[in-house]
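Structure file model22.cif (mmCIF, C-alpha atoms) follows.
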```cif
data_protein
#
loop_
_atom_site.label_atom_id
_atom_site.label_comp_id
_atom_site.auth_asym_id
_atom_site.auth_seq_id
_atom_site.Cartn_x
_atom_site.Cartn_y
_atom_site.Cartn_z
CA MET N 402 0.00 0.00 0.00
CA SER N 403 1.45 3.33 -1.05
CA ALA N 404 1.60 6.25 1.35
CA ALA N 405 -0.95 9.00 0.87
CA SER N 406 0.27 11.95 -1.15
CA PRO N 407 1.10 14.96 1.02
CA SER N 408 -1.34 17.85 0.82
CA TYR N 409 0.25 21.27 0.46
CA SER N 410 -1.54 24.58 0.10
CA VAL N 411 -0.24 26.92 -2.63
CA PRO N 412 -2.76 29.79 -2.58
CA ALA N 413 -1.23 31.86 -5.38
CA LEU N 414 -1.01 28.91 -7.77
CA GLU N 415 -4.54 27.76 -6.91
CA LYS N 416 -5.83 31.28 -7.46
CA GLY N 417 -4.23 31.47 -10.90
CA LEU N 418 -5.57 28.04 -11.86
CA ASP N 419 -9.05 29.01 -10.67
CA ILE N 420 -8.95 32.05 -12.95
CA LEU N 421 -7.75 30.08 -15.97
CA GLU N 422 -10.36 27.37 -15.44
CA ALA N 423 -13.15 29.91 -15.03
CA LEU N 424 -12.21 31.71 -18.24
CA ALA N 425 -11.79 28.45 -20.15
CA ALA N 426 -15.24 27.29 -19.05
CA SER N 427 -16.97 30.56 -19.89
CA PRO N 428 -18.49 30.92 -23.41
CA THR N 429 -17.75 34.67 -23.31
CA PRO N 430 -14.95 36.87 -21.92
CA LEU N 431 -15.27 37.89 -18.26
CA SER N 432 -14.60 41.17 -16.49
CA LEU N 433 -12.64 41.59 -13.25
CA ALA N 434 -15.90 42.01 -11.32
CA GLU N 435 -17.44 38.91 -12.90
CA LEU N 436 -14.38 36.79 -12.08
CA ALA N 437 -14.29 38.05 -8.50
CA ARG N 438 -17.98 37.21 -8.10
CA ASP N 439 -17.73 33.75 -9.70
CA LEU N 440 -14.64 32.80 -7.70
CA ASN N 441 -15.83 34.45 -4.47
CA ARG N 442 -12.59 36.39 -4.14
CA GLY N 443 -11.69 40.03 -3.71
CA SER N 444 -11.21 42.19 -6.82
CA ALA N 445 -7.77 43.35 -5.66
CA GLU N 446 -6.29 39.84 -5.38
CA ILE N 447 -7.90 38.81 -8.68
CA PHE N 448 -6.54 41.92 -10.41
CA ARG N 449 -2.94 41.22 -9.38
CA MET N 450 -3.17 37.69 -10.72
CA LEU N 451 -4.79 38.87 -13.97
CA VAL N 452 -1.94 41.32 -14.54
CA CYS N 453 0.58 38.50 -14.09
CA LEU N 454 -1.29 36.08 -16.36
CA GLU N 455 -1.69 38.72 -19.06
CA ARG N 456 2.01 39.62 -18.87
CA ARG N 457 2.87 35.93 -19.33
CA SER N 458 0.51 35.74 -22.36
CA TYR N 459 -1.95 33.27 -20.80
CA LEU N 460 -4.72 35.86 -21.03
CA ARG N 461 -5.62 38.78 -23.26
CA ARG N 462 -8.21 41.54 -23.02
CA GLU N 463 -10.84 42.57 -25.54
CA MET N 464 -10.04 45.92 -27.12
CA VAL N 465 -13.47 47.48 -26.44
CA SER N 466 -14.82 45.88 -23.27
CA GLY N 467 -11.51 45.18 -21.54
CA LYS N 468 -12.82 41.76 -20.49
CA TYR N 469 -10.44 38.83 -20.18
CA MET N 470 -10.19 35.67 -22.29
CA PRO N 471 -7.61 32.86 -22.49
CA THR N 472 -5.03 32.75 -25.26
CA LEU N 473 -3.72 29.60 -26.97
CA ARG N 474 -0.72 29.53 -24.63
CA LEU N 475 -2.15 26.68 -22.54
CA PHE N 476 -3.05 24.75 -25.69
CA GLU N 477 0.57 25.06 -26.85
CA LEU N 478 1.96 23.90 -23.52
CA ALA N 479 -0.42 20.98 -23.27
CA HIS N 480 0.74 19.63 -26.61
CA ALA N 481 4.43 20.44 -26.42
CA HIS N 482 5.74 16.94 -25.65
CA THR N 483 2.86 14.50 -25.61
CA PRO N 484 1.49 11.64 -27.73
CA LEU N 485 -0.94 14.23 -29.08
CA LYS N 486 1.92 16.36 -30.36
CA MET N 487 3.36 13.31 -32.09
CA LEU N 488 -0.04 12.71 -33.67
CA LEU N 489 -0.22 16.31 -34.88
CA ASP N 490 3.24 16.05 -36.44
CA VAL N 491 2.55 12.69 -38.08
CA ALA N 492 -0.96 13.54 -39.31
CA ARG N 493 -0.03 16.77 -41.07
CA GLU N 494 1.11 15.28 -44.39
CA PRO N 495 -1.58 12.54 -44.66
CA MET N 496 -4.24 15.20 -43.99
CA ARG N 497 -2.75 17.41 -46.69
CA GLN N 498 -2.92 14.50 -49.13
CA VAL N 499 -6.55 13.84 -48.25
CA SER N 500 -7.50 17.46 -48.91
CA ALA N 501 -5.56 17.59 -52.17
CA LEU N 502 -7.09 14.33 -53.42
CA LEU N 503 -10.70 15.14 -52.51
CA GLY N 504 -10.65 18.91 -52.86
CA GLU N 505 -12.25 19.10 -49.41
CA SER N 506 -11.10 20.20 -45.97
CA CYS N 507 -10.35 17.66 -43.26
CA HIS N 508 -9.89 18.02 -39.53
CA LEU N 509 -8.66 16.06 -36.54
CA SER N 510 -10.50 16.08 -33.21
CA VAL N 511 -10.31 14.57 -29.72
CA ILE N 512 -12.57 14.42 -26.68
CA GLU N 513 -11.18 16.79 -24.07
CA ARG N 514 -12.94 17.60 -20.79
CA GLY N 515 -16.25 16.34 -22.12
CA LYS N 516 -16.15 18.36 -25.34
CA LEU N 517 -15.08 17.57 -28.88
CA LEU N 518 -11.98 19.70 -29.48
CA VAL N 519 -10.65 20.35 -33.01
CA ILE N 520 -6.86 20.08 -32.78
CA ALA N 521 -5.77 20.23 -36.44
CA ARG N 522 -7.15 21.06 -39.86
CA GLU N 523 -6.09 21.00 -43.49
CA ASP N 524 -8.04 23.35 -45.74
CA SER N 525 -9.36 22.46 -49.16
CA PRO N 526 -7.37 23.93 -52.06
CA GLU N 527 -10.67 25.12 -53.59
CA SER N 528 -11.71 28.77 -53.40
CA VAL N 529 -15.09 27.76 -51.91
CA ARG N 530 -14.48 25.53 -48.91
CA LEU N 531 -15.69 24.56 -45.48
CA THR N 532 -13.31 25.41 -42.63
CA ILE N 533 -13.56 24.53 -38.94
CA GLU N 534 -11.24 26.52 -36.70
CA VAL N 535 -8.63 24.75 -34.59
CA GLY N 536 -9.64 25.11 -30.95
CA SER N 537 -13.38 24.92 -31.69
CA ARG N 538 -15.40 22.93 -29.15
CA PHE N 539 -18.65 21.07 -29.73
CA GLU N 540 -21.02 18.80 -27.85
CA PRO N 541 -19.76 15.31 -28.82
CA LYS N 542 -23.23 13.81 -29.33
CA LYS N 543 -24.05 16.51 -31.90
CA THR N 544 -21.08 15.69 -34.15
CA ALA N 545 -20.11 12.64 -36.17
CA SER N 546 -16.58 12.81 -34.74
CA GLY N 547 -17.85 12.91 -31.17
CA ARG N 548 -20.26 10.02 -31.67
CA LEU N 549 -17.48 7.92 -33.17
CA LEU N 550 -15.10 8.60 -30.30
CA MET N 551 -17.76 7.70 -27.76
CA ALA N 552 -18.62 4.39 -29.47
CA PRO N 553 -15.63 2.01 -29.29
CA GLU N 554 -17.38 -0.58 -31.47
CA LEU N 555 -17.49 1.73 -34.51
CA GLU N 556 -14.66 2.17 -36.99
CA SER N 557 -16.21 5.01 -38.96
CA VAL N 558 -19.31 7.22 -39.03
CA ALA N 559 -21.02 8.85 -42.00
CA ALA N 560 -23.68 11.43 -41.18
CA ARG N 561 -25.23 14.75 -41.94
CA ASP N 562 -23.71 17.43 -39.77
CA GLU N 563 -26.05 18.54 -36.99
CA THR N 564 -24.12 21.73 -36.24
CA ILE N 565 -23.89 23.13 -39.81
CA GLU N 566 -26.81 22.99 -42.25
CA GLY N 567 -26.11 21.39 -45.64
CA VAL N 568 -22.92 19.59 -44.61
CA ASP N 569 -22.04 15.89 -44.77
CA ASP N 570 -19.38 14.26 -42.59
CA LEU N 571 -17.40 11.07 -42.82
CA VAL N 572 -15.17 10.21 -39.87
CA LEU N 573 -12.57 7.51 -39.21
CA ARG N 574 -11.02 6.58 -35.87
CA ILE N 575 -7.31 7.11 -35.22
CA GLY N 576 -5.88 4.98 -32.41
CA SER N 577 -8.24 3.49 -29.84
CA PRO N 578 -9.89 4.38 -26.50
CA GLU N 579 -7.29 2.27 -24.69
CA ALA N 580 -4.29 3.78 -26.49
CA ALA N 581 -2.36 6.97 -25.78
CA VAL N 582 -3.76 8.33 -29.05
CA HIS N 583 -7.50 8.43 -29.66
CA ALA N 584 -8.76 10.88 -32.27
CA ALA N 585 -11.24 11.29 -35.10
CA LEU N 586 -10.11 12.14 -38.63
CA ALA N 587 -12.98 13.69 -40.58
CA VAL N 588 -13.83 15.15 -43.97
CA SER N 589 -16.74 17.56 -44.12
CA TRP N 590 -18.18 18.78 -47.40
CA LEU N 591 -21.00 21.00 -48.62
CA ARG N 592 -23.88 18.89 -49.88
CA SER N 593 -24.99 21.56 -52.34
CA ARG N 594 -21.71 21.68 -54.27
CA LYS N 595 -21.56 20.30 -57.78
CA ARG N 596 -19.97 16.89 -58.11
CA ALA N 597 -20.72 16.10 -54.49
CA LYS N 598 -18.22 13.67 -53.05
CA LYS N 599 -19.23 10.03 -52.81
CA SER N 600 -18.78 8.46 -49.41
CA ALA N 601 -16.79 5.56 -50.85
CA ALA N 602 -14.10 7.89 -52.24
CA VAL N 603 -13.93 9.85 -48.98
CA LEU N 604 -13.68 6.68 -46.89
CA ALA N 605 -10.90 5.30 -49.11
CA ALA N 606 -8.88 8.52 -48.70
CA LEU N 607 -9.39 8.51 -44.94
CA LYS N 608 -8.39 4.84 -44.66
CA SER N 609 -5.19 5.51 -46.57
CA ALA N 610 -4.35 8.44 -44.28
CA SER N 611 -5.22 6.40 -41.19
CA LYS N 612 -2.97 3.54 -42.27
CA THR N 613 -0.04 5.93 -42.77
CA ILE N 614 -0.61 7.58 -39.40
CA HIS N 615 -0.89 4.27 -37.56
CA GLN N 616 2.21 2.83 -39.18
CA THR N 617 4.28 5.94 -38.44
CA LEU N 618 3.15 6.06 -34.81
CA GLY N 619 3.55 2.31 -34.39
CA ILE N 620 0.01 1.75 -33.14
#
```
With the file now loaded, output its structure as structure tokens.
Amino acid sequence: MSAASPSYSVPALEKGLDILEALAASPTPLSLAELARDLNRGSAEIFRMLVCLERRSYLRREMVSGKYMPTLRLFELAHAHTPLKMLLDVAREPMRQVSALLGESCHLSVIERGKLLVIAREDSPESVRLTIEVGSRFEPKKTASGRLLMAPELESVAARDETIEGVDDLVLRIGSPEAAVHAALAVSWLRSRKRAKKSAAVLAALKSASKTIHQTLGI
């Protein structure tokens, strides 16, 4: 039986983490007063921490309202030296090949803190294209990628997108729920475009990319 981990109090660190977590969870930027209220802390102690976090580029303020929002600094740190960073490095070229072959954008997503998080994208070379921003978060059950990641028995999912009208999705699993890497590689295309992509062609391109990624990662 291992000894219990010691419990140490680090008020300043906990305060900073509370602020970052509150801003990350909020759908909109928050003011000093709103943060103080939500965290049940004094405005003065919150302000000092906000100044520090902004100076270190973890936060930024809106130009007009002056409210605070997180930057991508934490996202960069979280993926600096992890299996996910390896996946991002390895998936870049296969995703580019998928987009070039199909003329459609593709994106890579994971489940993170209960949300589907888009971690990489490769845009279509076409002038009219569908783009999903890296860092976007969605309810997993409302996306084909999220439903795939939550259903270990499925290898792929083809569906109409529930978050964007007129869009079709086809998604293939990368890795597995038990592995260090578990992601969804998806192609989304506009249903109204001429020469709409056939699912068979999209699935073949995704399977080729998946095979390359798996072989390179050794999974």
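Here CA of Arg442 (chain N) is placed at a distance of 20.4 Å from CA of Tyr409 (chain N).
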Of the listed residues N:Leu473, N:Val568, N:Ala413, N:Ile620, that which approaches Arg592 (chain N) most closely, counting all atoms listed in the file: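 Once distances to Arg592 (chain N) are computed over all atoms listed in the file, the minimum belongs to N:Val568.
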Point-to-point distance in Å for CA of Leu549 (chain N) and CA of Ser600 (chain N):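 So the answer is 16.3 Å.
What the PyMOL selection byres ((chain N and resi 494-508) around 7) picks from this file is Val491, Ala492, Arg493, Leu509, Ser510, Val519, Ala521, Arg522, Glu523, Asp524, Ser525, Pro526, Glu527, Arg530, Leu531, Thr532, Leu586, Ala587, Val588, Ser589, Trp590, Ala606, Leu607 and Ala610 of chain N.
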Residues selected by the PyMOL selection byres ((chain N and resi 548) around 12), written as a PyMOL selection string: chain N and resi 510-512+516-517+539-547+549-560+562-563+570-574+584-585
Picked residues, the PyMOL selection byres ((chain N and resi 429) around 12), as a ChimeraX atom specification: /N:423-428,430-432,435-436,462-463,466,468-471
Non-local contacts of region 443-450 of chain N (7 Å; all atoms listed in the file; under 5 positions in same chain excluded) as a PyMOL selection string: chain N and resi 417+433-434+437
